[in-house]
>>> print(open('work.cif').read())   # mmCIF, C-alpha atoms and all ligand atoms
data_target
#
loop_
_atom_site.label_atom_id
_atom_site.label_comp_id
_atom_site.auth_asym_id
_atom_site.auth_seq_id
_atom_site.Cartn_x
_atom_site.Cartn_y
_atom_site.Cartn_z
CA MET A 1149 -67.60 -87.32 231.58
CA THR A 1150 -68.79 -84.50 233.83
CA TYR A 1151 -69.85 -84.59 237.46
CA LYS A 1152 -71.82 -81.66 238.72
CA ILE A 1153 -71.02 -79.87 241.95
CA GLY A 1154 -73.39 -77.87 244.11
CA LEU A 1155 -71.33 -75.47 246.21
CA LEU A 1156 -72.96 -74.29 249.45
CA GLY A 1157 -71.20 -71.07 250.49
CA LEU A 1158 -69.00 -68.64 248.61
CA GLY A 1159 -67.06 -67.06 251.47
CA THR A 1160 -63.31 -67.37 251.90
CA VAL A 1161 -63.26 -71.15 251.49
CA GLY A 1162 -66.03 -71.40 248.86
CA GLY A 1163 -64.37 -68.68 246.79
CA GLY A 1164 -61.05 -70.54 246.97
CA VAL A 1165 -62.68 -73.80 245.87
CA ALA A 1166 -64.51 -72.14 242.97
CA GLN A 1167 -61.27 -70.50 241.83
CA VAL A 1168 -59.45 -73.85 241.60
CA LEU A 1169 -62.35 -75.60 239.88
CA LEU A 1170 -62.71 -72.82 237.31
CA ASP A 1171 -59.00 -72.90 236.49
CA SER A 1172 -58.06 -76.57 236.25
CA GLU A 1173 -55.14 -76.26 233.83
CA LYS A 1174 -51.91 -77.93 235.02
CA ARG A 1175 -53.76 -79.40 238.00
CA HIS A 1176 -54.92 -83.04 238.31
CA PRO A 1177 -56.57 -84.23 235.06
CA LEU A 1178 -59.60 -85.53 236.99
CA LEU A 1179 -60.55 -81.91 237.71
CA ARG A 1180 -61.75 -81.70 234.11
CA TRP A 1181 -64.57 -84.09 235.06
CA LEU A 1182 -65.88 -81.66 237.65
CA SER A 1183 -67.99 -78.61 236.97
CA ILE A 1184 -69.74 -76.17 239.29
CA ALA A 1185 -73.43 -76.32 238.48
CA ALA A 1186 -74.86 -74.22 241.32
CA VAL A 1187 -73.58 -72.01 244.11
CA GLY A 1188 -75.74 -71.24 247.14
CA VAL A 1189 -75.24 -67.88 248.87
CA LYS A 1190 -77.18 -65.53 251.17
CA ASP A 1191 -77.09 -62.56 248.79
CA VAL A 1192 -76.62 -62.94 245.02
CA SER A 1193 -76.02 -59.21 244.49
CA LYS A 1194 -72.97 -59.01 246.79
CA PRO A 1195 -69.81 -58.03 244.84
CA ARG A 1196 -67.36 -60.95 244.61
CA PRO A 1197 -63.72 -61.23 243.56
CA ILE A 1198 -64.37 -64.17 241.19
CA THR A 1199 -66.36 -64.43 237.98
CA LEU A 1200 -68.72 -67.38 237.94
CA PRO A 1201 -70.57 -68.79 234.93
CA ALA A 1202 -73.83 -66.87 234.46
CA GLY A 1203 -76.96 -67.98 236.27
CA ILE A 1204 -75.44 -70.41 238.78
CA LEU A 1205 -75.76 -68.26 241.93
CA THR A 1206 -78.86 -68.84 244.01
CA THR A 1207 -80.15 -68.20 247.50
CA ASP A 1208 -82.15 -71.46 247.42
CA LEU A 1209 -79.72 -73.86 249.09
CA GLU A 1210 -82.42 -76.47 249.62
CA ALA A 1211 -83.00 -76.61 245.84
CA ILE A 1212 -79.28 -77.33 245.28
CA VAL A 1213 -79.20 -80.33 247.63
CA ARG A 1214 -82.38 -81.71 246.02
CA HIS A 1215 -81.48 -80.99 242.38
CA PRO A 1216 -81.41 -84.26 240.39
CA ASP A 1217 -78.42 -83.15 238.27
CA ILE A 1218 -76.09 -82.46 241.19
CA ASP A 1219 -73.70 -85.35 242.00
CA ILE A 1220 -71.57 -83.86 244.77
CA VAL A 1221 -72.47 -81.22 247.37
CA VAL A 1222 -69.58 -79.17 248.77
CA GLU A 1223 -70.62 -77.67 252.11
CA VAL A 1224 -68.44 -74.75 253.18
CA LEU A 1225 -71.05 -72.70 255.04
CA GLY A 1226 -69.66 -73.32 258.53
CA GLY A 1227 -71.90 -73.29 261.63
CA LEU A 1228 -74.27 -76.03 262.71
CA GLU A 1229 -77.49 -75.09 260.93
CA PRO A 1230 -78.53 -75.08 258.16
CA ALA A 1231 -75.29 -76.96 257.32
CA ARG A 1232 -76.26 -80.18 259.14
CA SER A 1233 -79.78 -80.33 257.67
CA LEU A 1234 -78.55 -79.56 254.15
CA ILE A 1235 -75.90 -82.31 254.40
CA LEU A 1236 -78.51 -84.82 255.59
CA THR A 1237 -80.96 -83.85 252.84
CA ALA A 1238 -78.22 -84.13 250.20
CA ILE A 1239 -77.28 -87.60 251.50
CA ALA A 1240 -80.91 -88.68 251.41
CA GLN A 1241 -80.98 -87.52 247.77
CA GLY A 1242 -77.98 -89.78 247.00
CA LYS A 1243 -75.38 -87.03 246.73
CA HIS A 1244 -71.79 -87.31 247.86
CA ILE A 1245 -70.60 -84.72 250.37
CA VAL A 1246 -67.37 -82.81 250.76
CA THR A 1247 -67.36 -80.64 253.86
CA ALA A 1248 -64.98 -78.38 255.75
CA ASN A 1249 -67.34 -78.30 258.73
CA LYS A 1250 -65.57 -79.73 261.81
CA ALA A 1251 -68.30 -78.50 264.16
CA VAL A 1252 -71.00 -80.48 262.34
CA ILE A 1253 -68.87 -83.61 261.90
CA ALA A 1254 -67.67 -83.62 265.52
CA ARG A 1255 -71.25 -83.30 266.83
CA TYR A 1256 -73.33 -85.13 264.23
CA GLY A 1257 -70.79 -87.50 262.63
CA ASN A 1258 -72.75 -90.46 263.99
CA GLU A 1259 -75.97 -89.37 262.31
CA ILE A 1260 -74.25 -88.25 259.09
CA PHE A 1261 -72.08 -91.34 258.53
CA THR A 1262 -74.91 -93.71 259.40
CA ALA A 1263 -77.07 -91.97 256.78
CA ALA A 1264 -74.22 -91.91 254.25
CA ASN A 1265 -73.46 -95.62 254.68
CA ALA A 1266 -77.12 -96.45 254.20
CA ALA A 1267 -77.35 -94.25 251.09
CA GLY A 1268 -74.05 -95.51 249.63
CA VAL A 1269 -72.49 -92.06 249.37
CA TYR A 1270 -69.16 -90.64 250.52
CA VAL A 1271 -68.72 -87.93 253.14
CA MET A 1272 -65.24 -86.46 252.82
CA LEU A 1273 -63.75 -84.01 255.29
CA GLU A 1274 -60.07 -83.41 254.62
CA ALA A 1275 -60.60 -79.65 254.99
CA ALA A 1276 -62.31 -79.97 258.38
CA VAL A 1277 -59.06 -80.57 260.28
CA ALA A 1278 -55.82 -78.62 259.87
CA GLY A 1279 -56.92 -76.84 256.68
CA GLY A 1280 -54.48 -77.51 253.88
CA ILE A 1281 -52.49 -80.22 255.67
CA PRO A 1282 -53.35 -83.64 254.25
CA VAL A 1283 -53.99 -85.64 257.42
CA ILE A 1284 -57.42 -87.31 257.11
CA GLN A 1285 -56.66 -89.36 253.97
CA PRO A 1286 -53.12 -90.25 255.12
CA MET A 1287 -54.61 -91.54 258.37
CA LYS A 1288 -57.27 -93.53 256.51
CA GLN A 1289 -54.93 -94.89 253.85
CA SER A 1290 -51.16 -94.47 254.16
CA LEU A 1291 -50.92 -95.11 257.92
CA GLY A 1292 -53.42 -98.00 258.06
CA GLY A 1293 -50.70 -100.51 258.96
CA ASN A 1294 -49.93 -98.74 262.21
CA ARG A 1295 -51.25 -99.17 265.71
CA ILE A 1296 -51.43 -95.53 266.74
CA HIS A 1297 -50.98 -94.72 270.42
CA THR A 1298 -50.63 -90.93 270.50
CA LEU A 1299 -51.77 -88.05 268.38
CA THR A 1300 -50.62 -84.58 269.41
CA GLY A 1301 -51.67 -81.54 267.45
CA ILE A 1302 -51.50 -77.80 267.21
CA LEU A 1303 -54.88 -77.57 265.51
CA ASN A 1304 -55.91 -73.96 265.97
CA GLY A 1305 -54.05 -71.21 264.16
CA THR A 1306 -55.62 -68.32 266.09
CA THR A 1307 -54.41 -69.54 269.48
CA ASN A 1308 -51.02 -70.53 268.11
CA TYR A 1309 -50.65 -67.05 266.64
CA ILE A 1310 -51.56 -65.41 269.98
CA LEU A 1311 -49.26 -67.67 272.04
CA THR A 1312 -46.39 -67.18 269.58
CA ARG A 1313 -46.73 -63.41 269.82
CA MET A 1314 -46.99 -63.53 273.63
CA GLN A 1315 -43.76 -65.53 273.63
CA GLN A 1316 -41.90 -63.31 271.17
CA GLU A 1317 -43.10 -59.94 272.48
CA LYS A 1318 -43.41 -60.87 276.18
CA GLY A 1319 -46.94 -59.45 275.88
CA GLU A 1320 -50.13 -60.15 277.81
CA PHE A 1321 -53.04 -62.17 276.41
CA ASP A 1322 -55.68 -59.40 276.33
CA SER A 1323 -53.65 -56.86 274.37
CA ILE A 1324 -52.36 -59.42 271.86
CA LEU A 1325 -55.86 -60.84 271.36
CA ALA A 1326 -57.15 -57.31 270.67
CA ASP A 1327 -54.35 -56.75 268.16
CA ALA A 1328 -55.01 -60.15 266.52
CA GLN A 1329 -58.67 -59.15 266.14
CA ARG A 1330 -57.69 -55.82 264.59
CA LEU A 1331 -55.41 -57.62 262.11
CA GLY A 1332 -58.03 -60.25 261.23
CA TYR A 1333 -56.21 -63.20 262.87
CA ALA A 1334 -58.93 -63.61 265.50
CA GLU A 1335 -62.72 -63.38 265.19
CA ALA A 1336 -64.73 -60.54 266.77
CA ASP A 1337 -66.19 -63.27 269.03
CA PRO A 1338 -63.04 -65.33 269.56
CA SER A 1339 -64.36 -67.84 272.09
CA THR A 1340 -64.59 -70.86 269.75
CA ASP A 1341 -60.88 -70.54 269.08
CA ILE A 1342 -59.43 -69.27 272.35
CA ASP A 1343 -61.53 -71.48 274.64
CA GLY A 1344 -60.24 -74.54 272.78
CA LEU A 1345 -63.60 -75.59 271.30
CA ASP A 1346 -62.41 -75.55 267.67
CA ALA A 1347 -59.38 -77.67 268.57
CA ALA A 1348 -61.66 -80.04 270.56
CA ASP A 1349 -63.85 -80.62 267.48
CA LYS A 1350 -60.74 -81.36 265.42
CA ILE A 1351 -59.06 -83.74 267.89
CA ALA A 1352 -62.38 -85.61 268.30
CA ILE A 1353 -62.41 -86.19 264.53
CA LEU A 1354 -58.74 -87.23 264.38
CA ALA A 1355 -59.08 -89.50 267.43
CA SER A 1356 -62.03 -91.22 265.84
CA LEU A 1357 -59.88 -92.04 262.78
CA ALA A 1358 -56.77 -92.97 264.77
CA PHE A 1359 -58.60 -95.26 267.18
CA ASN A 1360 -61.40 -96.54 264.92
CA GLY A 1361 -64.34 -95.57 267.07
CA ARG A 1362 -66.72 -92.71 267.56
CA ILE A 1363 -65.92 -90.03 270.13
CA LYS A 1364 -68.46 -88.22 272.29
CA LEU A 1365 -67.48 -84.57 272.10
CA ASP A 1366 -68.64 -83.84 275.65
CA GLN A 1367 -66.03 -86.35 276.89
CA VAL A 1368 -63.20 -84.34 275.36
CA HIS A 1369 -61.60 -82.33 278.20
CA CYS A 1370 -61.19 -78.78 276.96
CA GLU A 1371 -59.32 -75.77 278.38
CA GLY A 1372 -58.44 -72.66 276.39
CA ILE A 1373 -55.66 -70.09 276.64
CA ARG A 1374 -57.34 -67.20 278.52
CA GLY A 1375 -55.40 -68.07 281.69
CA VAL A 1376 -51.94 -68.14 280.08
CA THR A 1377 -49.87 -65.18 281.27
CA ALA A 1378 -46.63 -63.52 280.16
CA VAL A 1379 -45.13 -64.44 283.55
CA ASP A 1380 -45.73 -68.14 283.00
CA ILE A 1381 -44.46 -68.00 279.43
CA ALA A 1382 -41.24 -66.39 280.74
CA TYR A 1383 -40.80 -68.98 283.52
CA ALA A 1384 -41.56 -71.80 281.10
CA GLU A 1385 -38.87 -70.48 278.78
CA LYS A 1386 -36.33 -70.34 281.63
CA LEU A 1387 -37.15 -73.97 282.40
CA GLY A 1388 -36.71 -75.00 278.73
CA PHE A 1389 -40.33 -75.01 277.54
CA VAL A 1390 -42.66 -73.11 275.25
CA ILE A 1391 -46.42 -72.93 275.95
CA LYS A 1392 -48.70 -74.27 273.18
CA LEU A 1393 -52.39 -75.12 273.02
CA LEU A 1394 -52.15 -78.86 272.38
CA ALA A 1395 -54.88 -81.24 271.32
CA ILE A 1396 -53.96 -84.75 272.47
CA ALA A 1397 -55.50 -88.17 271.94
CA HIS A 1398 -53.71 -91.03 273.63
CA ARG A 1399 -54.27 -94.72 274.25
CA ASP A 1400 -52.80 -95.58 277.63
CA ALA A 1401 -51.86 -99.27 277.74
CA HIS A 1402 -51.61 -99.09 281.55
CA ARG A 1403 -55.26 -98.08 281.91
CA GLY A 1404 -56.45 -100.89 279.66
CA SER A 1405 -55.98 -101.21 275.91
CA ASP A 1406 -59.31 -99.60 274.99
CA SER A 1407 -59.15 -96.54 277.20
CA LEU A 1408 -58.33 -93.26 275.54
CA ASP A 1409 -57.82 -89.78 276.83
CA VAL A 1410 -58.76 -86.97 274.47
CA ARG A 1411 -58.06 -83.42 275.61
CA VAL A 1412 -57.23 -79.86 274.68
CA HIS A 1413 -55.24 -77.63 277.03
CA PRO A 1414 -52.34 -75.21 277.14
CA THR A 1415 -49.20 -77.25 277.68
CA LEU A 1416 -45.52 -76.69 278.39
CA VAL A 1417 -43.70 -78.27 275.45
CA PRO A 1418 -39.95 -78.98 275.72
CA LEU A 1419 -38.01 -76.68 273.39
CA ASP A 1420 -36.48 -79.65 271.53
CA HIS A 1421 -39.89 -81.25 270.83
CA PRO A 1422 -40.96 -81.20 267.15
CA LEU A 1423 -44.12 -79.19 267.99
CA ALA A 1424 -42.20 -76.46 269.87
CA GLY A 1425 -41.09 -74.84 266.62
CA VAL A 1426 -44.60 -74.66 265.10
CA ASN A 1427 -45.30 -70.95 265.29
CA GLY A 1428 -47.80 -68.33 264.15
CA VAL A 1429 -50.95 -69.49 262.38
CA TYR A 1430 -49.39 -72.82 261.36
CA ASN A 1431 -50.85 -76.16 262.40
CA ALA A 1432 -49.12 -79.51 262.93
CA VAL A 1433 -50.11 -83.06 263.79
CA LEU A 1434 -47.63 -85.49 265.33
CA LEU A 1435 -48.68 -89.13 265.08
CA GLU A 1436 -46.95 -91.87 267.03
CA GLY A 1437 -47.52 -95.52 266.44
CA GLU A 1438 -46.07 -98.89 265.74
CA PRO A 1439 -44.26 -99.83 263.54
CA LEU A 1440 -43.75 -96.34 262.05
CA GLY A 1441 -42.57 -94.43 265.10
CA GLN A 1442 -43.23 -90.71 264.71
CA VAL A 1443 -44.52 -88.77 261.72
CA MET A 1444 -45.35 -85.07 261.72
CA PHE A 1445 -47.62 -83.19 259.32
CA TYR A 1446 -47.07 -79.44 259.20
CA GLY A 1447 -48.58 -76.59 257.19
CA PRO A 1448 -51.24 -73.91 256.88
CA GLY A 1449 -54.33 -74.76 258.92
CA ALA A 1450 -56.75 -72.24 257.43
CA GLY A 1451 -57.29 -69.74 254.63
CA ALA A 1452 -58.81 -69.83 251.16
CA GLY A 1453 -55.98 -71.55 249.27
CA PRO A 1454 -55.04 -74.22 251.83
CA THR A 1455 -58.65 -75.15 252.59
CA ALA A 1456 -59.54 -75.22 248.88
CA SER A 1457 -56.57 -77.55 248.31
CA ALA A 1458 -58.08 -80.02 250.81
CA VAL A 1459 -61.64 -79.73 249.45
CA VAL A 1460 -60.46 -80.28 245.88
CA ALA A 1461 -58.42 -83.34 246.95
CA ASP A 1462 -61.64 -84.88 248.28
CA LEU A 1463 -63.46 -84.01 245.04
CA ILE A 1464 -60.73 -85.75 243.02
CA ASN A 1465 -61.02 -88.86 245.20
CA ILE A 1466 -64.78 -88.99 244.66
CA ALA A 1467 -64.49 -88.27 240.92
CA ALA A 1468 -62.07 -91.20 240.59
CA LEU A 1469 -64.61 -93.57 242.14
CA LEU A 1470 -67.86 -92.32 240.61
CA PRO A 1471 -67.51 -94.30 237.37
CA MET A 1472 -67.66 -97.48 239.52
CA GLY A 1473 -71.11 -96.55 240.84
CA LYS A 1474 -72.10 -96.76 244.50
CA VAL A 1475 -69.39 -99.00 245.91
CA ASN A 1476 -68.64 -97.62 249.40
CA HIS A 1477 -64.90 -97.85 248.86
CA PRO A 1478 -63.47 -99.05 252.21
CA LEU A 1479 -60.62 -96.53 252.16
CA LEU A 1480 -63.00 -93.60 251.87
CA THR A 1481 -65.96 -94.61 254.01
CA CYS A 1482 -66.36 -94.62 257.76
CA SER A 1483 -67.28 -98.09 258.97
CA HIS A 1484 -66.87 -97.98 262.77
CA ARG A 1485 -70.03 -97.78 264.87
CA HIS A 1486 -68.97 -98.18 268.51
CA TYR A 1487 -68.00 -95.36 270.87
CA CYS A 1488 -64.49 -95.27 272.32
CA THR A 1489 -64.12 -95.37 276.09
CA ILE A 1490 -62.72 -92.04 277.23
CA ALA A 1491 -61.03 -91.82 280.62
CA PRO A 1492 -61.96 -88.87 282.85
CA ILE A 1493 -59.20 -86.27 283.13
CA THR A 1494 -58.57 -87.28 286.78
CA GLN A 1495 -57.30 -90.66 285.48
CA VAL A 1496 -54.85 -89.17 282.99
CA MET A 1497 -51.11 -89.26 283.68
CA SER A 1498 -49.36 -85.89 283.19
CA ARG A 1499 -46.51 -83.80 284.37
CA PHE A 1500 -47.50 -80.46 285.90
CA TYR A 1501 -46.16 -76.93 286.24
CA ALA A 1502 -47.57 -74.85 289.10
CA ARG A 1503 -46.79 -71.30 290.19
CA LEU A 1504 -47.58 -70.41 293.81
CA LEU A 1505 -47.32 -67.28 295.90
CA ALA A 1506 -46.48 -67.87 299.56
CA GLN A 1507 -45.19 -66.04 302.66
CA ASP A 1508 -41.40 -65.95 302.63
CA HIS A 1509 -41.19 -67.83 305.96
CA PRO A 1510 -39.03 -70.73 307.11
CA GLY A 1511 -40.54 -74.14 306.39
CA VAL A 1512 -42.97 -73.23 303.60
CA LEU A 1513 -41.02 -75.09 300.89
CA GLY A 1514 -40.64 -78.02 303.27
CA LYS A 1515 -44.40 -78.20 303.89
CA LEU A 1516 -45.06 -78.05 300.15
CA GLY A 1517 -42.66 -80.91 299.48
CA THR A 1518 -44.22 -83.01 302.26
CA CYS A 1519 -47.74 -82.40 300.98
CA PHE A 1520 -46.81 -83.42 297.43
CA GLY A 1521 -45.02 -86.49 298.81
CA ASN A 1522 -48.08 -87.51 300.85
CA HIS A 1523 -50.11 -87.64 297.63
CA GLY A 1524 -47.49 -89.57 295.67
CA VAL A 1525 -46.46 -86.55 293.59
CA SER A 1526 -42.79 -86.73 292.73
CA LEU A 1527 -41.15 -83.36 292.06
CA GLU A 1528 -38.69 -82.73 289.27
CA SER A 1529 -37.95 -79.22 290.53
CA LEU A 1530 -39.20 -76.79 293.16
CA VAL A 1531 -37.67 -73.32 293.00
CA GLN A 1532 -38.32 -70.07 294.76
CA ILE A 1533 -37.80 -67.71 291.86
CA GLY A 1534 -38.19 -64.30 293.46
CA VAL A 1535 -40.37 -62.06 295.57
CA LYS A 1536 -43.55 -60.40 294.30
CA GLU A 1537 -45.73 -58.07 296.40
CA ASN A 1538 -43.84 -59.29 299.52
CA LEU A 1539 -44.70 -62.87 298.62
CA ALA A 1540 -42.29 -65.58 297.50
CA GLU A 1541 -42.98 -66.83 293.97
CA ILE A 1542 -42.46 -70.57 293.81
CA VAL A 1543 -42.48 -72.69 290.66
CA VAL A 1544 -42.94 -76.44 290.80
CA VAL A 1545 -42.53 -78.99 288.00
CA THR A 1546 -43.62 -82.57 288.74
CA HIS A 1547 -42.81 -85.94 287.28
CA GLN A 1548 -45.69 -87.93 285.77
CA VAL A 1549 -48.59 -88.31 288.16
CA ARG A 1550 -52.27 -89.17 287.89
CA GLU A 1551 -54.13 -85.88 287.58
CA GLY A 1552 -56.59 -86.71 290.38
CA GLU A 1553 -53.72 -87.23 292.84
CA PHE A 1554 -52.01 -84.00 291.80
CA ARG A 1555 -55.30 -82.08 292.21
CA GLN A 1556 -55.79 -83.53 295.72
CA ALA A 1557 -52.30 -82.33 296.67
CA MET A 1558 -53.00 -78.86 295.24
CA LYS A 1559 -56.28 -78.60 297.14
CA GLU A 1560 -54.44 -79.27 300.38
CA ILE A 1561 -51.57 -76.92 299.46
CA GLU A 1562 -54.02 -74.10 298.75
CA HIS A 1563 -55.05 -74.26 302.42
CA LEU A 1564 -51.55 -74.65 303.90
CA HIS A 1565 -50.58 -71.96 306.38
CA GLY A 1566 -48.28 -69.53 304.52
CA VAL A 1567 -49.57 -70.26 301.02
CA ASP A 1568 -51.30 -67.15 299.66
CA HIS A 1569 -52.66 -68.36 296.31
CA ILE A 1570 -51.89 -70.49 293.24
CA PRO A 1571 -52.21 -68.35 290.10
CA THR A 1572 -51.31 -71.03 287.55
CA VAL A 1573 -51.43 -74.77 287.02
CA LEU A 1574 -50.49 -76.10 283.58
CA ARG A 1575 -49.69 -79.52 282.19
CA VAL A 1576 -46.23 -80.37 280.86
CA LEU A 1577 -45.75 -82.63 277.86
CA ALA A 1578 -44.02 -85.83 279.01
N1 LIG A 1601 -60.46 -70.84 263.39
C1 LIG A 1601 -59.55 -71.87 262.97
C2 LIG A 1601 -58.16 -71.55 263.47
C3 LIG A 1601 -59.46 -72.02 261.48
O1 LIG A 1601 -57.90 -70.50 264.04
O2 LIG A 1601 -57.29 -72.39 263.25
C4 LIG A 1601 -60.49 -72.89 260.90
O3 LIG A 1601 -60.49 -74.17 261.43
#
>>> encode(input="work.cif", output="structure tokens")
Amino acid sequence: MTYKIGLLGLGTVGGGVAQVLLDSEKRHPLLRWLSIAAVGVKDVSKPRPITLPAGILTTDLEAIVRHPDIDIVVEVLGGLEPARSLILTAIAQGKHIVTANKAVIARYGNEIFTAANAAGVYVMLEAAVAGGIPVIQPMKQSLGGNRIHTLTGILNGTTNYILTRMQQEKGEFDSILADAQRLGYAEADPSTDIDGLDAADKIAILASLAFNGRIKLDQVHCEGIRGVTAVDIAYAEKLGFVIKLLAIAHRDAHRGSDSLDVRVHPTLVPLDHPLAGVNGVYNAVLLEGEPLGQVMFYGPGAGAGPTASAVVADLINIAALLPMGKVNHPLLTCSHRHYCTIAPITQVMSRFYARLLAQDHPGVLGKLGTCFGNHGVSLESLVQIGVKENLAEIVVVTHQVREGEFRQAMKEIEHLHGVDHIPTVLRVLA
């Protein structure tokens, strides 16, 4: 039995996938059922580190997704177009899809899964979130007995690498970003990673699985790490925290059982929290639910080998089911149709860290405390740490408060006599 694969893209990920498929010995026996029939690239003459069977490279990607002999299309092109259109054409031609494309799934999942369900084909995306870490299939299968309430992830290796280096070297964001770009850890245009957009795509996908509903990406609150400074990292450390870019999806029973908050933002994480020790380019996903409690997945979130591992796992799952014909296996398909209700960020409960610069005059701390109190913001600590440019540097950490109320207090504080400015406001993991 042989199932034919059309591979769209032969970059880092595509090359890794081809390498595994061409060398199946001592891997899962089902890999012997899979063969690469065609590989779509931009330039067939480009030198490549792998040797492919003769005659399978082509620049005609459209022909691959329409070819009657191809059973499964592996899309590892990245970007929105032509990836989305090629996926939809392949589905319409009755082909199963394996994709690593979080941007397409997070934006067009609705369209793609509706088409796939109608065509009776699978769309598999283990590689789209957290690279080599198996998290999509475990969520669909092994954790199905749980009622998940919180999902907290470090889902972007580039930002985790930058924040880890800022922490370890006490360095500033701009110089470490430039060095990360020079070393190949950050893209020449890094905004998708450092502005949190990549992590937002990934948490939207995970939230959709955890909470069984579709997520509108524009309702995912997203802040990146450009505003994180060495000063705040140092103060956070003194207070017992490390700063991480977290992607969070949470069902808040107090707001009503169907209301979620889904967000990406830099966050102070307590040093004894399981995610605090996830450093460098590594990713992790912490799932909390009932009856399991907590489970954490940890590993490499990108790269040829890890991403190929995830793509090939999806191929094995499909190969195992293909002899049964078009069955829409319930553990591999996506059946939910409704959209989850996402609460605006002003409704979300958080703890906050704020750093303020104020005149070193009698009564300033008192006025701050009163203003927070008037807005129902309870303080865990309020410390005047030192003096900078003749201004007192004050760091505040709050207890849990609704974000809207905290923001109201901060707006008033900004205009208090004696307060110069507020360089930083960050959330603190509860
Ligand atoms: N750019 C991503 C990251 C890897 O830095 O984690 C692919 O999802």
>>> closest_residue(input="work.cif", among="A:Pro1230, A:Gly1293, A:Gly1511, A:Gly1451", to="Val1165 of chain A", atoms="all atoms listed in the file")
A:Gly1451
>>> atom_distance(input="work.cif", atom1="atom CA of Leu1419 of chain A", atom2="atom CA of Gly1388 of chain A")
5.7 Å
>>> closest_residue(input="work.cif", among="A:Ser1356, A:Gln1316, A:Ser1193, A:Thr1455", to="ligand LIG 1601 (chain A)", atoms="all atoms listed in the file")
A:Thr1455
>>> closest_residue(input="work.cif", among="A:Lys1515, A:Arg1374, A:His1486, A:Arg1403", to="His1563 of chain A", atoms="only C-alpha atoms")
A:Lys1515
>>> residues_near_ligand(input="work.cif", ligand="ligand LIG 1601 (chain A)", cutoff="7 Å", atoms="all atoms listed in the file", output="list in words")
Ala1276, Val1277, Ala1278, Gly1279, Leu1303, Asn1304, Gly1305, Thr1306, Thr1307, Asp1341, Asp1346, Gly1449 and Ala1450 of chain A
>>> closest_residue(input="work.cif", among="A:Ala1452, A:Val1459, A:Val1376, A:Cys1488", to="Asn1360 of chain A", atoms="only C-alpha atoms")
A:Cys1488
>>> atom_distance(input="work.cif", atom1="atom CA of Ala1557 of chain A", atom2="atom CA of Asp1343 of chain A")
26.2 Å
>>> residues_near_point(input="work.cif", point="(-66.4, -69.8, 238.3)", cutoff="9 Å", atoms="all atoms listed in the file", output="VMD selection string")
chain A and resid 1163 1166 to 1171 1184 1198 to 1202
>>> atom_distance(input="work.cif", atom1="atom CA of His1523 of chain A", atom2="atom CA of Thr1494 of chain A")
13.8 Å
>>> closest_residue(input="work.cif", among="A:Ala1186, A:Ile1381, A:Ala1352, A:Val1224", to="Leu1574 of chain A", atoms="all atoms listed in the file")
A:Ile1381
>>> residues_near_point(input="work.cif", point="(-50.4, -71.1, 261.9)", cutoff="7 Å", atoms="all atoms listed in the file", output="PDB file with C-alpha atoms, keeping the file's coordinate frame")
ATOM      1  CA  GLY A1305     -54.050 -71.210 264.160  1.00  0.00           C
ATOM      2  CA  ASN A1308     -51.020 -70.530 268.110  1.00  0.00           C
ATOM      3  CA  TYR A1309     -50.650 -67.050 266.640  1.00  0.00           C
ATOM      4  CA  ASN A1427     -45.300 -70.950 265.290  1.00  0.00           C
ATOM      5  CA  GLY A1428     -47.800 -68.330 264.150  1.00  0.00           C
ATOM      6  CA  VAL A1429     -50.950 -69.490 262.380  1.00  0.00           C
ATOM      7  CA  TYR A1430     -49.390 -72.820 261.360  1.00  0.00           C
ATOM      8  CA  ASN A1431     -50.850 -76.160 262.400  1.00  0.00           C
ATOM      9  CA  PRO A1448     -51.240 -73.910 256.880  1.00  0.00           C
ATOM     10  CA  GLY A1449     -54.330 -74.760 258.920  1.00  0.00           C
TER      11      GLY A1449
END
>>> residues_around(input="work.cif", residues="Lys1152 of chain A", least_positions_apart="6", cutoff="8 Å", atoms="only C-alpha atoms", output="JSON, numbers by chain")
{"A": [1182, 1183, 1184, 1185, 1217, 1218, 1219, 1220]}
>>> write_last_selection(input="work.cif", atoms="C-alpha atoms", output="compact mmCIF listing (two decimals), in the frame of the given file")
# COMPACT_ATOMS: atom_id res chain seq x y z
CA LEU A 1182 -65.88 -81.66 237.65
CA SER A 1183 -67.99 -78.61 236.97
CA ILE A 1184 -69.74 -76.17 239.29
CA ALA A 1185 -73.43 -76.32 238.48
CA ASP A 1217 -78.42 -83.15 238.27
CA ILE A 1218 -76.09 -82.46 241.19
CA ASP A 1219 -73.70 -85.35 242.00
CA ILE A 1220 -71.57 -83.86 244.77
>>> axis_aligned_box(input="work.cif", around="segment 1379-1397 of chain A", padding_each_side="3 Å", output="JSON")
{"center_x": -45.9, "center_y": -76.3, "center_z": 277.4, "size_x": 25.2, "size_y": 29.7, "size_z": 18.2}
>>> residues_around(input="work.cif", residues="Gln1556 of chain A", least_positions_apart="2", cutoff="12 Å", atoms="all atoms listed in the file", output="count of residues only")
20
>>> closest_residue(input="work.cif", among="A:Arg1295, A:Lys1318, A:Lys1174, A:Arg1575", to="Arg1411 of chain A", atoms="all atoms listed in the file")
A:Arg1575
